[in-house]
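J.: This is the structure, below, for whatever I ask next.
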Amino acid sequence: MVVDFSELKLNEESPIYLQIVRFIKIKMVNRQVRDGDGLPSRRVLSAMLEVNPNTIQKAYRLMEEEGLLVSFAGSKSLLQFDESMVDKYRRELLAAEAERYIGEVKKMGLTAEEAVELIKENW
């Protein structure tokens, strides 16, 4: 299966290549991709997202460096991960969301206890 990027909505909050990597990590954590799934070619994804091919190359290279992606010359790139990586990325993504939430709560002048209570109420 080739990963579907049609749900990826790019924004200006962070670099595009990091948004692509985050998108893949979220799909891993949500079990929407599997080990061995393919990614579109760099050229195809570049055209699909209407971004510079170098941006896609940067995202793929970062995933390769993290051990999340394996690429073969003249062939497609395949996701490569196990449960320990899924757990690692789940923690990484949750920590980033918690940090963002805490920042917003602090701006509003709430205490940690009030923030926790809000989470409990909305759970």
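Ordering of the structure tokens sets the chain letters (A, B, ...); residue numbers start at 1 within each chain; ligands are numbered from 1 in the order shown.
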Fewer than 4 positions away in the same chain doesn't count, so skip those; otherwise give me all residues within 12 Å of Ala73 of chain A, counting only C-alpha atoms, as a short mmCIF file (atom, residue, chain, number, x, y, z; two decimals) with N, CA, C and O atoms, in the first residue's frame.
T.:
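Generated output (around_36.cif):
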data_model
loop_
_atom_site.label_atom_id
_atom_site.label_comp_id
_atom_site.auth_asym_id
_atom_site.auth_seq_id
_atom_site.Cartn_x
_atom_site.Cartn_y
_atom_site.Cartn_z
N SER A 41 6.75 8.66 -4.76
CA SER A 41 8.07 9.14 -5.14
C SER A 41 8.18 10.61 -4.74
O SER A 41 7.18 11.31 -4.58
N SER A 77 10.32 4.22 -1.82
CA SER A 77 10.75 4.28 -0.42
C SER A 77 9.70 3.58 0.43
O SER A 77 8.49 3.76 0.23
N LEU A 78 10.16 2.78 1.38
CA LEU A 78 9.26 1.99 2.22
C LEU A 78 9.43 2.36 3.69
O LEU A 78 10.54 2.57 4.17
#
J.: Can you tell me which residues surround Val44 of chain A at a distance of at most 12 Å, considering only C-alpha atoms, apart from same-chain residues fewer than 3 positions away, and format the answer as a PyMOL selection string?
T.: chain A and resi 2+4-5+39-41+47-53+56-57+76
J.: Can you measure atom CA of Arg22 of chain A to atom CA of Glu99 of chain A for me? One decimal in Å is fine.
T.: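 Separating atom CA of Arg22 of chain A from atom CA of Glu99 of chain A is a distance of 15.8 Å.
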J.: Excluding same-chain residues fewer than 6 positions from segment 28-36 of chain A, what lies within 7 Å of it counting only C-alpha atoms, as a PyMOL selection string?
T.: chain A and resi 3+78-81+86+90
J.: Running DSSP on the backbone, which parts of chain A land in strand (DSSP E or B), as number ranges by chain?
T.: A: 2, 38-39, 69-71, 77-79
J.: Rank A:Leu45, A:Ala96, A:Leu110, A:Val116 by their smallest atom-to-atom distance to Ala59 of chain A, using only C-alpha atoms, and report the top residue only.
T.: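 Using only C-alpha atoms, Ala59 of chain A sits closest to A:Leu45.
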J.: Nearest to Ser46 of chain A among A:Glu7, A:Lys25, A:Lys58, A:Leu69, with distances taken over only C-alpha atoms: which residue is it?
T.: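 Smallest separation from Ser46 of chain A among the options: A:Lys58.
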J.: Rounded to one decimal place, report the atom CA of Lys88 of chain A-atom CA of Leu18 of chain A distance in Å.
T.: 16.8 Å
J.: Tell me which of A:Met63, A:Leu68, A:Met85, A:Leu118 sits closest to Val105 of chain A, counting only C-alpha atoms.
T.: A:Leu118
